[in-house]
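Okay, my_file_36.txt is below, compact mmCIF, C-alpha atoms and all ligand atoms:
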```
# COMPACT_ATOMS: atom_id res chain seq x y z
CA MET A 1 13.48 -19.63 0.25
CA ASP A 2 11.35 -18.64 3.25
CA TYR A 3 8.53 -16.12 2.95
CA ALA A 4 10.35 -13.25 4.68
CA GLU A 5 13.37 -13.61 2.40
CA GLU A 6 11.16 -13.89 -0.68
CA GLN A 7 9.39 -10.63 0.30
CA ARG A 8 12.67 -8.91 1.07
CA GLN A 9 13.97 -9.82 -2.39
CA ARG A 10 10.74 -8.82 -4.09
CA TRP A 11 10.54 -5.40 -2.46
CA ASN A 12 14.24 -4.75 -2.97
CA GLY A 13 14.15 -5.95 -6.58
CA ALA A 14 11.53 -5.74 -9.32
CA ALA A 15 8.76 -4.25 -7.18
CA ALA A 16 11.03 -1.53 -5.82
CA GLU A 17 12.25 -0.72 -9.31
CA ALA A 18 8.63 -0.26 -10.46
CA TRP A 19 7.63 1.91 -7.50
CA VAL A 20 10.75 4.09 -7.57
CA SER A 21 10.81 4.66 -11.32
CA SER A 22 7.06 5.36 -11.43
CA GLN A 23 7.04 7.55 -8.33
CA PRO A 24 5.41 10.63 -9.95
CA VAL A 25 2.63 8.50 -11.48
CA ILE A 26 1.95 6.65 -8.24
CA ASP A 27 2.05 9.90 -6.28
CA ARG A 28 -0.64 11.38 -8.46
CA LEU A 29 -2.66 8.18 -8.54
CA PHE A 30 -2.91 7.74 -4.79
CA GLU A 31 -2.56 11.35 -3.66
CA PRO A 32 -6.21 11.56 -2.49
CA LEU A 33 -5.50 8.68 -0.08
CA ALA A 34 -2.35 10.29 1.32
CA ASP A 35 -4.38 13.48 1.78
CA ARG A 36 -7.03 11.59 3.77
CA LEU A 37 -4.44 10.24 6.16
CA ALA A 38 -2.80 13.68 6.43
CA ASP A 39 -6.20 15.24 7.24
CA LEU A 40 -6.73 12.62 9.89
CA ALA A 41 -3.28 13.09 11.43
CA ALA A 42 -3.86 16.85 11.56
CA ALA A 43 -7.32 16.42 13.13
CA ARG A 44 -5.83 14.13 15.80
CA ARG A 45 -2.88 16.51 16.36
CA ALA A 46 -0.60 13.48 16.22
CA ASP A 47 2.83 14.05 17.65
CA GLN A 48 4.53 10.64 17.24
CA LEU A 49 3.41 9.00 14.03
CA LEU A 50 4.42 5.76 12.31
CA ASP A 51 3.70 5.01 8.64
CA VAL A 52 3.85 1.23 8.07
CA GLY A 53 5.12 -0.03 4.69
CA CYS A 54 5.79 3.58 3.78
CA GLY A 55 7.49 2.76 0.46
CA THR A 56 8.79 5.86 -1.28
CA GLY A 57 7.39 8.00 1.53
CA SER A 58 4.61 9.90 -0.21
CA THR A 59 2.19 9.48 2.72
CA THR A 60 4.83 9.97 5.43
CA VAL A 61 6.00 13.19 3.81
CA ALA A 62 2.46 14.45 3.10
CA ILE A 63 1.69 14.00 6.80
CA ALA A 64 4.99 15.52 7.98
CA ARG A 65 4.36 18.52 5.71
CA ARG A 66 0.87 18.95 7.19
CA LEU A 67 1.93 18.53 10.82
CA GLY A 68 5.04 20.70 10.55
CA THR A 69 7.68 20.66 13.23
CA THR A 70 5.27 19.79 16.04
CA ALA A 71 5.35 16.09 15.17
CA ALA A 72 7.85 13.28 14.67
CA CYS A 73 6.95 11.22 11.62
CA VAL A 74 8.62 7.86 11.04
CA GLY A 75 8.22 5.54 8.07
CA VAL A 76 9.12 1.84 8.23
CA ASP A 77 9.63 -0.40 5.22
CA ILE A 78 11.64 -3.46 4.15
CA SER A 79 12.70 -1.90 0.84
CA GLU A 80 16.02 -0.06 0.90
CA PRO A 81 15.61 1.41 -2.63
CA MET A 82 12.13 2.70 -1.80
CA LEU A 83 13.41 4.20 1.46
CA ALA A 84 16.25 5.90 -0.39
CA ALA A 85 13.58 7.56 -2.55
CA ALA A 86 11.62 8.45 0.60
CA ARG A 87 14.65 10.08 2.23
CA ALA A 88 15.40 12.02 -0.94
CA ARG A 89 11.79 13.20 -1.06
CA ALA A 90 11.86 14.37 2.57
CA ASP A 91 15.14 16.23 1.95
CA ARG A 92 13.80 17.81 -1.23
CA GLU A 93 10.69 19.01 0.56
CA GLY A 94 12.58 20.05 3.67
CA VAL A 95 10.34 18.11 6.03
CA ALA A 96 11.46 16.27 9.14
CA ALA A 97 10.67 12.61 8.58
CA ALA A 98 12.80 9.63 9.60
CA PHE A 99 12.84 6.25 7.92
CA ILE A 100 13.69 2.79 9.27
CA CYS A 101 14.54 -0.17 7.06
CA ALA A 102 12.99 -3.13 8.89
CA ASP A 103 10.27 -5.75 8.85
CA ALA A 104 7.37 -4.12 10.71
CA GLN A 105 6.23 -7.57 11.86
CA THR A 106 9.30 -8.12 14.02
CA TYR A 107 11.16 -4.83 14.46
CA LEU A 108 11.66 -3.85 18.09
CA PHE A 109 10.04 -0.42 18.14
CA GLU A 110 10.31 1.60 21.32
CA PRO A 111 7.28 0.30 23.28
CA GLY A 112 4.38 2.72 23.67
CA SER A 113 5.98 5.34 21.48
CA PHE A 114 3.41 6.20 18.76
CA ASP A 115 0.09 7.93 19.23
CA LEU A 116 -0.94 7.36 15.61
CA ILE A 117 -0.01 4.48 13.32
CA VAL A 118 -1.08 4.85 9.70
CA SER A 119 -0.64 2.97 6.45
CA ARG A 120 -1.60 3.36 2.84
CA PHE A 121 -1.53 -0.13 1.32
CA GLY A 122 1.52 -1.17 3.37
CA VAL A 123 0.08 -3.81 5.73
CA MET A 124 -1.17 -6.60 3.46
CA PHE A 125 2.12 -8.45 3.01
CA PHE A 126 2.92 -9.81 6.46
CA GLN A 127 3.69 -13.48 6.86
CA ASP A 128 1.81 -13.51 10.18
CA SER A 129 -0.63 -10.60 10.39
CA VAL A 130 -1.59 -11.23 14.02
CA ALA A 131 2.08 -11.19 15.07
CA ALA A 132 2.64 -8.02 13.02
CA PHE A 133 -0.30 -6.13 14.49
CA ALA A 134 0.60 -7.31 18.00
CA ASN A 135 4.06 -5.84 17.39
CA LEU A 136 2.49 -2.58 16.21
CA ARG A 137 0.17 -2.61 19.23
CA ARG A 138 3.25 -2.75 21.49
CA ALA A 139 4.69 0.20 19.56
CA ALA A 140 1.49 2.23 20.14
CA ARG A 141 0.90 4.33 23.19
CA ASP A 142 -2.11 3.33 25.33
CA GLY A 143 -5.02 5.26 23.87
CA GLY A 144 -3.19 5.53 20.54
CA GLU A 145 -4.85 4.93 17.24
CA LEU A 146 -4.44 2.87 14.09
CA GLN A 147 -5.74 4.27 10.79
CA MET A 148 -5.01 2.41 7.60
CA ILE A 149 -6.24 2.18 4.05
CA VAL A 150 -6.42 -1.25 2.43
CA TRP A 151 -8.07 -2.58 -0.71
CA ARG A 152 -11.55 -4.07 -0.73
CA SER A 153 -12.15 -7.11 -2.93
CA PRO A 154 -11.07 -7.66 -6.55
CA ALA A 155 -14.81 -7.66 -7.44
CA ASP A 156 -15.06 -4.13 -6.02
CA ASN A 157 -11.87 -3.12 -7.88
CA PRO A 158 -12.30 -4.40 -11.44
CA PHE A 159 -9.63 -1.98 -12.73
CA MET A 160 -7.05 -3.91 -10.72
CA THR A 161 -7.70 -7.23 -12.45
CA VAL A 162 -8.20 -6.03 -16.04
CA ALA A 163 -4.59 -6.71 -16.99
CA GLN A 164 -4.43 -10.23 -15.54
CA HIS A 165 -7.69 -11.30 -17.18
CA ALA A 166 -6.91 -9.77 -20.58
CA ALA A 167 -3.35 -11.16 -20.58
CA ALA A 168 -4.45 -14.70 -19.65
CA PRO A 169 -4.41 -16.16 -23.21
CA VAL A 170 -0.78 -15.02 -23.64
CA LEU A 171 0.43 -15.01 -20.05
CA PRO A 172 -1.58 -17.40 -17.87
CA LEU A 173 -1.09 -16.58 -14.19
CA PRO A 174 -2.47 -18.31 -11.10
CA GLU A 175 -5.67 -16.79 -9.71
CA ARG A 176 -5.03 -14.68 -6.65
CA GLN A 177 -5.87 -16.59 -3.48
CA PRO A 178 -8.34 -14.81 -1.20
CA ASP A 179 -6.72 -13.86 2.14
CA ALA A 180 -3.19 -14.72 0.94
CA PRO A 181 -0.61 -11.98 1.56
CA GLY A 182 -0.82 -9.45 -1.26
CA GLN A 183 -2.89 -6.56 -2.54
CA PHE A 184 -6.27 -8.01 -1.50
CA ALA A 185 -5.26 -9.75 1.74
CA PHE A 186 -7.37 -7.36 3.83
CA ALA A 187 -10.45 -7.36 1.59
CA ASN A 188 -12.48 -9.56 3.95
CA ASP A 189 -13.73 -7.30 6.73
CA GLN A 190 -14.44 -10.15 9.16
CA ARG A 191 -10.90 -11.40 8.73
CA VAL A 192 -9.47 -7.94 9.38
CA ARG A 193 -11.60 -7.56 12.51
CA GLY A 194 -10.32 -10.95 13.72
CA ILE A 195 -6.67 -10.08 13.07
CA LEU A 196 -6.91 -6.78 14.92
CA ARG A 197 -8.88 -8.24 17.82
CA ASP A 198 -6.45 -11.16 18.18
CA SER A 199 -3.48 -8.80 18.16
CA GLY A 200 -4.81 -6.67 21.03
CA TRP A 201 -6.47 -3.74 19.24
CA SER A 202 -9.97 -2.64 20.24
CA GLY A 203 -12.78 -0.53 18.79
CA VAL A 204 -12.11 -1.89 15.30
CA GLU A 205 -14.10 -0.19 12.55
CA LEU A 206 -14.03 -0.65 8.78
CA ARG A 207 -15.60 2.04 6.66
CA PRO A 208 -15.83 1.63 2.88
CA ILE A 209 -14.30 4.53 0.98
CA ASP A 210 -14.44 4.96 -2.80
CA ILE A 211 -11.83 7.28 -4.17
CA ALA A 212 -11.64 8.68 -7.71
CA CYS A 213 -8.13 8.09 -9.07
CA THR A 214 -6.50 9.17 -12.31
CA ILE A 215 -3.33 8.58 -14.29
CA PRO A 216 -2.36 10.09 -17.64
CA GLU A 217 -3.30 7.82 -20.54
CA SER A 218 0.33 8.08 -21.68
CA GLU A 219 1.35 6.18 -18.51
CA LEU A 220 -1.17 3.36 -18.79
CA VAL A 221 1.02 0.83 -20.63
CA GLY A 222 3.91 1.59 -18.29
CA TYR A 223 1.56 1.05 -15.38
CA PHE A 224 0.20 -2.37 -16.29
CA THR A 225 3.56 -3.67 -17.55
CA ARG A 226 5.26 -2.80 -14.25
CA PHE A 227 2.70 -3.34 -11.50
CA GLY A 228 0.52 -6.21 -10.32
CA PRO A 229 0.91 -9.87 -11.25
CA VAL A 230 1.26 -9.04 -14.97
CA GLY A 231 3.96 -6.46 -14.30
CA MET A 232 5.86 -8.90 -12.08
CA ALA A 233 5.59 -11.73 -14.63
CA LEU A 234 6.82 -9.43 -17.42
CA GLN A 235 10.05 -8.73 -15.54
CA ASN A 236 11.43 -11.99 -16.91
CA ALA A 237 9.50 -12.16 -20.18
CA ASP A 238 11.01 -11.83 -23.65
CA GLU A 239 10.19 -8.90 -25.94
CA ARG A 240 7.77 -10.92 -28.03
CA THR A 241 5.68 -11.90 -25.01
CA ARG A 242 5.77 -8.34 -23.74
CA ALA A 243 4.48 -7.02 -27.07
CA GLN A 244 1.73 -9.68 -27.17
CA VAL A 245 0.64 -8.82 -23.65
CA ILE A 246 0.47 -5.10 -24.43
CA GLU A 247 -1.56 -5.82 -27.56
CA ALA A 248 -4.00 -8.02 -25.61
CA VAL A 249 -4.31 -5.85 -22.53
CA ARG A 250 -4.33 -2.24 -23.66
CA PRO A 251 -7.77 -2.37 -25.41
CA ALA A 252 -9.29 -3.98 -22.30
CA PHE A 253 -8.67 -0.71 -20.46
CA ASP A 254 -10.56 1.37 -23.06
CA ARG A 255 -13.62 1.85 -20.85
CA TYR A 256 -11.44 3.62 -18.27
CA VAL A 257 -9.86 6.00 -20.78
CA HIS A 258 -11.37 9.49 -21.07
CA GLY A 259 -9.34 11.59 -23.49
CA ASP A 260 -5.83 11.84 -22.13
CA GLU A 261 -6.81 10.54 -18.71
CA VAL A 262 -7.44 7.11 -17.20
CA ARG A 263 -10.06 7.19 -14.45
CA PHE A 264 -11.11 4.52 -12.02
CA THR A 265 -12.42 4.14 -8.51
CA ALA A 266 -10.24 2.72 -5.77
CA ALA A 267 -12.60 0.75 -3.51
CA CYS A 268 -10.93 0.61 -0.11
CA TRP A 269 -11.52 0.13 3.58
CA MET A 270 -10.57 2.83 6.00
CA VAL A 271 -9.70 0.66 8.98
CA SER A 272 -9.45 2.20 12.40
CA ALA A 273 -8.70 0.73 15.82
CA ARG A 274 -7.69 1.87 19.27
CA ALA A 275 -4.86 0.78 21.50
CA GLY A 276 -6.95 0.18 24.60
CA ALA A 277 -5.09 0.36 27.90
CA THR A 278 -6.03 -3.22 28.80
CA ALA A 279 -4.48 -4.83 25.75
CA ARG A 280 -1.01 -5.58 27.16
C1 LIG B 301 1.90 -1.49 -2.06
S1 LIG B 301 3.36 -0.80 -1.41
C2 LIG B 301 2.75 0.69 -0.64
C3 LIG B 301 3.81 1.72 -0.42
C4 LIG B 301 3.34 3.04 0.20
N1 LIG B 301 2.65 2.87 1.45
C5 LIG B 301 2.49 3.81 -0.76
O1 LIG B 301 1.26 3.86 -0.60
O2 LIG B 301 3.04 4.40 -1.71
C6 LIG B 301 3.65 -1.85 -0.02
C7 LIG B 301 4.88 -1.52 0.78
O3 LIG B 301 4.94 -2.37 1.93
C8 LIG B 301 6.30 -2.72 2.15
N2 LIG B 301 6.36 -3.93 2.97
C9 LIG B 301 6.01 -5.19 2.60
N3 LIG B 301 6.19 -6.03 3.63
C10 LIG B 301 6.66 -5.30 4.67
C11 LIG B 301 7.04 -5.61 6.01
N4 LIG B 301 6.98 -6.87 6.48
N5 LIG B 301 7.50 -4.60 6.81
C12 LIG B 301 7.58 -3.34 6.33
N6 LIG B 301 7.23 -2.98 5.07
C13 LIG B 301 6.78 -3.95 4.25
C14 LIG B 301 6.88 -2.84 0.76
O4 LIG B 301 8.28 -2.78 0.73
C15 LIG B 301 6.19 -1.68 0.04
O5 LIG B 301 6.93 -0.50 0.13
```
Using structure tokens, write down the structure from this file.
Amino acid sequence: MDYAEEQRQRWNGAAAEAWVSSQPVIDRLFEPLADRLADLAAARRADQLLDVGCGTGSTTVAIARRLGTTAACVGVDISEPMLAAARARADREGVAAAFICADAQTYLFEPGSFDLIVSRFGVMFFQDSVAAFANLRRAARDGGELQMIVWRSPADNPFMTVAQHAAAPVLPLPERQPDAPGQFAFANDQRVRGILRDSGWSGVELRPIDIACTIPESELVGYFTRFGPVGMALQNADERTRAQVIEAVRPAFDRYVHGDEVRFTAACWMVSARAGATAR
């Protein structure tokens, strides 16, 4: 199976199921990041905005809500189930946001149509990042802007690897490869600068941001058994393995538990770049 098909299946299968069924938890968890992008979009007075890898649409809709009817907000994603949730969310909230089901690496966007392209954790999965960001550069208006939030390294985000390390005796999983497509693909700032430069963006800046995130303690087991490498591996595991993993992993999170809340810091890059007029 080629990479694009493997990703399509992943994000239309187990991963989509996790994101859609846990939507309220994820919304709360990453709300501060959606708010940052909404603040930015409002400050820029964006009028044609694209949210890349928009998933269930929490960021797209937060921005559309903030910008009101003055702006056209579009989300693009390869996951049909996640987009169905995004459309339902936009309808529920009565905001005008449109959603496209497509691979953002190759989709033929109207050239020069967006003045702001944003993403919250939706750009680290491309097969060819330079090709993807060149495609997004073509979709951006000259003078337009890119603003995206991506994860810094696993070392900066110990919460994100607790489950994999604690589960290892029961559920050994391959170590994540630095730079490989996935959650931490954009952790290396030099690599990100290179990708954006090579794809025609200019004025690239990466600013570290550390965001306090919380989930209810009652959702913690659901979280680590559905998301990340452990969550994905458990999709096909038997009940005994699942129980063993929960027993091994849950205590490893104790240091993040404060009463009925789980607290951790999301260590991210706020990446910005400009669509300079000379890039085409
Ligand atoms: C980690 S999730 C983030 C979802 C959303 N931005 C959020 O913060 O809730 C990554 C998203 O990127 C999408 N994605 C992965 N590869 C993609 C591609 N080539 N084109 C468009 N979307 C893609 C996935 O389907 C998924 O919804």
Q: Between A:Pro178, A:Gly228, A:Gly203, A:Pro251, single out the one closest to A:Arg191, counting all atoms listed in the file.
A: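 Ranking A:Pro178, A:Gly228, A:Gly203, A:Pro251 by distance to A:Arg191, first place goes to A:Pro178.
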Q: Could you tell me which of A:Tyr107, A:Trp11, A:Phe30, A:Phe126 comes closest to A:Pro81 if we count only C-alpha atoms?
A: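 Between A:Tyr107, A:Trp11, A:Phe30, A:Phe126, the residue approaching A:Pro81 most closely is A:Trp11.
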Q.
For a quick check of understanding, using all atoms listed in the file, which of A:Arg207, A:Ile78, A:Ala185, A:Ala163 has the smallest distance to A:Asp254?
A.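 For A:Asp254, the nearest of the candidates is A:Ala163.
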Please return the centre and edge lengths, in Å to one decimal, of a box with edges along x, y and z that contains all listed atoms of ligand LIG 301 (chain B), widened by 4 Å on every side, as JSON.
```
{"center_x": 4.8, "center_y": -1.2, "center_z": 2.4, "size_x": 15.0, "size_y": 19.3, "size_z": 16.9}
```
Q: Can you work out the spacing between atom CA of A:Gln190 and atom CA of A:Leu136 in Å, to one decimal?
A: 19.8 Å
Neighbouring residues of A:Thr69 were defined as those with any atom within 10 Å, considering all atoms listed in the file; residues of the same chain fewer than 5 positions away were excluded. Please report them as an mmCIF file with C-alpha atoms, keeping the file's coordinate frame.
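Output below, filename result_29.cif:
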```
data_model
loop_
_atom_site.group_PDB
_atom_site.id
_atom_site.type_symbol
_atom_site.label_atom_id
_atom_site.label_comp_id
_atom_site.auth_asym_id
_atom_site.auth_seq_id
_atom_site.Cartn_x
_atom_site.Cartn_y
_atom_site.Cartn_z
ATOM 1 C CA ASP A 47 2.830 14.050 17.650
ATOM 2 C CA ALA A 64 4.990 15.520 7.980
ATOM 3 C CA VAL A 95 10.340 18.110 6.030
ATOM 4 C CA ALA A 96 11.460 16.270 9.140
ATOM 5 C CA ALA A 97 10.670 12.610 8.580
#
```
Q. Interatomic distance between atom CA of A:Glu247 and atom CA of A:Asn157?
A. 22.4 Å
Q: Find the residues around A:Gly200 up to 10 Å (only C-alpha atoms counted), leave out those fewer than 4 positions away in its own chain, and share them as a list in words.
A: Val130, Phe133, Ala134, Asn135, Leu136, Arg137, Arg138, Ile195, Leu196, Ala273, Arg274, Ala275, Gly276, Ala277, Thr278, Ala279 and Arg280 of chain A
Could you write those residues out with C-alpha atoms, as a PDB file, in the coordinates of the input?
```pdb
ATOM      1  CA  VAL A 130      -1.590 -11.230  14.020  1.00  0.00           C
ATOM      2  CA  PHE A 133      -0.300  -6.130  14.490  1.00  0.00           C
ATOM      3  CA  ALA A 134       0.600  -7.310  18.000  1.00  0.00           C
ATOM      4  CA  ASN A 135       4.060  -5.840  17.390  1.00  0.00           C
ATOM      5  CA  LEU A 136       2.490  -2.580  16.210  1.00  0.00           C
ATOM      6  CA  ARG A 137       0.170  -2.610  19.230  1.00  0.00           C
ATOM      7  CA  ARG A 138       3.250  -2.750  21.490  1.00  0.00           C
ATOM      8  CA  ILE A 195      -6.670 -10.080  13.070  1.00  0.00           C
ATOM      9  CA  LEU A 196      -6.910  -6.780  14.920  1.00  0.00           C
ATOM     10  CA  ALA A 273      -8.700   0.730  15.820  1.00  0.00           C
ATOM     11  CA  ARG A 274      -7.690   1.870  19.270  1.00  0.00           C
ATOM     12  CA  ALA A 275      -4.860   0.780  21.500  1.00  0.00           C
ATOM     13  CA  GLY A 276      -6.950   0.180  24.600  1.00  0.00           C
ATOM     14  CA  ALA A 277      -5.090   0.360  27.900  1.00  0.00           C
ATOM     15  CA  THR A 278      -6.030  -3.220  28.800  1.00  0.00           C
ATOM     16  CA  ALA A 279      -4.480  -4.830  25.750  1.00  0.00           C
ATOM     17  CA  ARG A 280      -1.010  -5.580  27.160  1.00  0.00           C
TER      18      ARG A 280
END
```
From the block I gave, I'd like stretch 189-199 of chain A written with all heavy atoms, as a PDB file, in the first residue's frame.
```pdb
ATOM      1  N   ASP A 189      13.511  22.671  14.123  1.00  0.00           N
ATOM      2  CA  ASP A 189      13.248  23.996  13.535  1.00  0.00           C
ATOM      3  C   ASP A 189      14.020  24.231  12.244  1.00  0.00           C
ATOM      4  O   ASP A 189      13.501  24.827  11.301  1.00  0.00           O
ATOM      5  CB  ASP A 189      13.492  25.113  14.553  1.00  0.00           C
ATOM      6  CG  ASP A 189      14.897  25.136  15.098  1.00  0.00           C
ATOM      7  OD1 ASP A 189      15.535  24.066  15.151  1.00  0.00           O
ATOM      8  OD2 ASP A 189      15.369  26.221  15.480  1.00  0.00           O
ATOM      9  N   GLN A 190      15.257  23.699  12.177  1.00  0.00           N
ATOM     10  CA  GLN A 190      16.039  23.905  10.943  1.00  0.00           C
ATOM     11  C   GLN A 190      15.377  23.202   9.767  1.00  0.00           C
ATOM     12  O   GLN A 190      15.345  23.700   8.644  1.00  0.00           O
ATOM     13  CB  GLN A 190      17.476  23.370  11.125  1.00  0.00           C
ATOM     14  CG  GLN A 190      18.310  24.192  12.077  1.00  0.00           C
ATOM     15  CD  GLN A 190      18.313  25.685  11.721  1.00  0.00           C
ATOM     16  OE1 GLN A 190      18.301  26.068  10.556  1.00  0.00           O
ATOM     17  NE2 GLN A 190      18.260  26.545  12.736  1.00  0.00           N
ATOM     18  N   ARG A 191      14.839  22.031  10.051  1.00  0.00           N
ATOM     19  CA  ARG A 191      14.156  21.275   8.994  1.00  0.00           C
ATOM     20  C   ARG A 191      12.924  22.029   8.504  1.00  0.00           C
ATOM     21  O   ARG A 191      12.679  22.130   7.300  1.00  0.00           O
ATOM     22  CB  ARG A 191      13.788  19.889   9.536  1.00  0.00           C
ATOM     23  CG  ARG A 191      13.058  19.043   8.542  1.00  0.00           C
ATOM     24  CD  ARG A 191      12.992  17.574   8.957  1.00  0.00           C
ATOM     25  NE  ARG A 191      12.275  16.846   7.927  1.00  0.00           N
ATOM     26  CZ  ARG A 191      10.967  16.659   7.926  1.00  0.00           C
ATOM     27  NH1 ARG A 191      10.231  17.124   8.930  1.00  0.00           N
ATOM     28  NH2 ARG A 191      10.388  16.016   6.933  1.00  0.00           N
ATOM     29  N   VAL A 192      12.178  22.591   9.450  1.00  0.00           N
ATOM     30  CA  VAL A 192      10.959  23.328   9.071  1.00  0.00           C
ATOM     31  C   VAL A 192      11.327  24.548   8.234  1.00  0.00           C
ATOM     32  O   VAL A 192      10.698  24.829   7.203  1.00  0.00           O
ATOM     33  CB  VAL A 192      10.166  23.739  10.333  1.00  0.00           C
ATOM     34  CG1 VAL A 192       8.957  24.590   9.965  1.00  0.00           C
ATOM     35  CG2 VAL A 192       9.735  22.500  11.110  1.00  0.00           C
ATOM     36  N   ARG A 193      12.382  25.252   8.668  1.00  0.00           N
ATOM     37  CA  ARG A 193      12.829  26.417   7.881  1.00  0.00           C
ATOM     38  C   ARG A 193      13.174  25.987   6.457  1.00  0.00           C
ATOM     39  O   ARG A 193      12.811  26.655   5.484  1.00  0.00           O
ATOM     40  CB  ARG A 193      14.083  27.046   8.516  1.00  0.00           C
ATOM     41  CG  ARG A 193      13.806  27.869   9.732  1.00  0.00           C
ATOM     42  CD  ARG A 193      15.122  28.350  10.369  1.00  0.00           C
ATOM     43  NE  ARG A 193      14.948  28.549  11.786  1.00  0.00           N
ATOM     44  CZ  ARG A 193      14.337  29.594  12.338  1.00  0.00           C
ATOM     45  NH1 ARG A 193      13.886  30.553  11.566  1.00  0.00           N
ATOM     46  NH2 ARG A 193      14.171  29.690  13.636  1.00  0.00           N
ATOM     47  N   GLY A 194      13.889  24.859   6.337  1.00  0.00           N
ATOM     48  CA  GLY A 194      14.294  24.363   5.018  1.00  0.00           C
ATOM     49  C   GLY A 194      13.079  24.021   4.154  1.00  0.00           C
ATOM     50  O   GLY A 194      13.016  24.393   2.976  1.00  0.00           O
ATOM     51  N   ILE A 195      12.109  23.342   4.748  1.00  0.00           N
ATOM     52  CA  ILE A 195      10.906  22.940   3.985  1.00  0.00           C
ATOM     53  C   ILE A 195      10.188  24.182   3.470  1.00  0.00           C
ATOM     54  O   ILE A 195       9.806  24.259   2.290  1.00  0.00           O
ATOM     55  CB  ILE A 195       9.951  22.107   4.890  1.00  0.00           C
ATOM     56  CG1 ILE A 195      10.542  20.721   5.162  1.00  0.00           C
ATOM     57  CG2 ILE A 195       8.562  21.989   4.255  1.00  0.00           C
ATOM     58  CD1 ILE A 195       9.820  19.935   6.247  1.00  0.00           C
ATOM     59  N   LEU A 196      10.026  25.165   4.332  1.00  0.00           N
ATOM     60  CA  LEU A 196       9.258  26.358   3.921  1.00  0.00           C
ATOM     61  C   LEU A 196      10.043  27.182   2.899  1.00  0.00           C
ATOM     62  O   LEU A 196       9.471  27.691   1.931  1.00  0.00           O
ATOM     63  CB  LEU A 196       8.859  27.184   5.146  1.00  0.00           C
ATOM     64  CG  LEU A 196       7.829  26.476   6.035  1.00  0.00           C
ATOM     65  CD1 LEU A 196       7.520  27.289   7.281  1.00  0.00           C
ATOM     66  CD2 LEU A 196       6.521  26.214   5.275  1.00  0.00           C
ATOM     67  N   ARG A 197      11.351  27.287   3.097  1.00  0.00           N
ATOM     68  CA  ARG A 197      12.166  28.028   2.133  1.00  0.00           C
ATOM     69  C   ARG A 197      12.112  27.331   0.772  1.00  0.00           C
ATOM     70  O   ARG A 197      11.860  27.966  -0.250  1.00  0.00           O
ATOM     71  CB  ARG A 197      13.606  28.072   2.647  1.00  0.00           C
ATOM     72  CG  ARG A 197      14.404  29.278   2.202  1.00  0.00           C
ATOM     73  CD  ARG A 197      15.836  29.205   2.722  1.00  0.00           C
ATOM     74  NE  ARG A 197      16.353  27.847   2.823  1.00  0.00           N
ATOM     75  CZ  ARG A 197      16.796  27.292   3.942  1.00  0.00           C
ATOM     76  NH1 ARG A 197      16.798  27.951   5.068  1.00  0.00           N
ATOM     77  NH2 ARG A 197      17.263  26.048   3.948  1.00  0.00           N
ATOM     78  N   ASP A 198      12.278  25.999   0.782  1.00  0.00           N
ATOM     79  CA  ASP A 198      12.322  25.258  -0.481  1.00  0.00           C
ATOM     80  C   ASP A 198      10.966  25.234  -1.190  1.00  0.00           C
ATOM     81  O   ASP A 198      10.888  24.905  -2.371  1.00  0.00           O
ATOM     82  CB  ASP A 198      12.781  23.811  -0.240  1.00  0.00           C
ATOM     83  CG  ASP A 198      14.231  23.748   0.201  1.00  0.00           C
ATOM     84  OD1 ASP A 198      14.916  24.800   0.137  1.00  0.00           O
ATOM     85  OD2 ASP A 198      14.672  22.668   0.626  1.00  0.00           O
ATOM     86  N   SER A 199       9.913  25.534  -0.457  1.00  0.00           N
ATOM     87  CA  SER A 199       8.586  25.509  -1.095  1.00  0.00           C
ATOM     88  C   SER A 199       8.108  26.917  -1.442  1.00  0.00           C
ATOM     89  O   SER A 199       6.959  27.103  -1.842  1.00  0.00           O
ATOM     90  CB  SER A 199       7.589  24.784  -0.193  1.00  0.00           C
ATOM     91  OG  SER A 199       7.574  25.340   1.087  1.00  0.00           O
TER      92      SER A 199
END
```
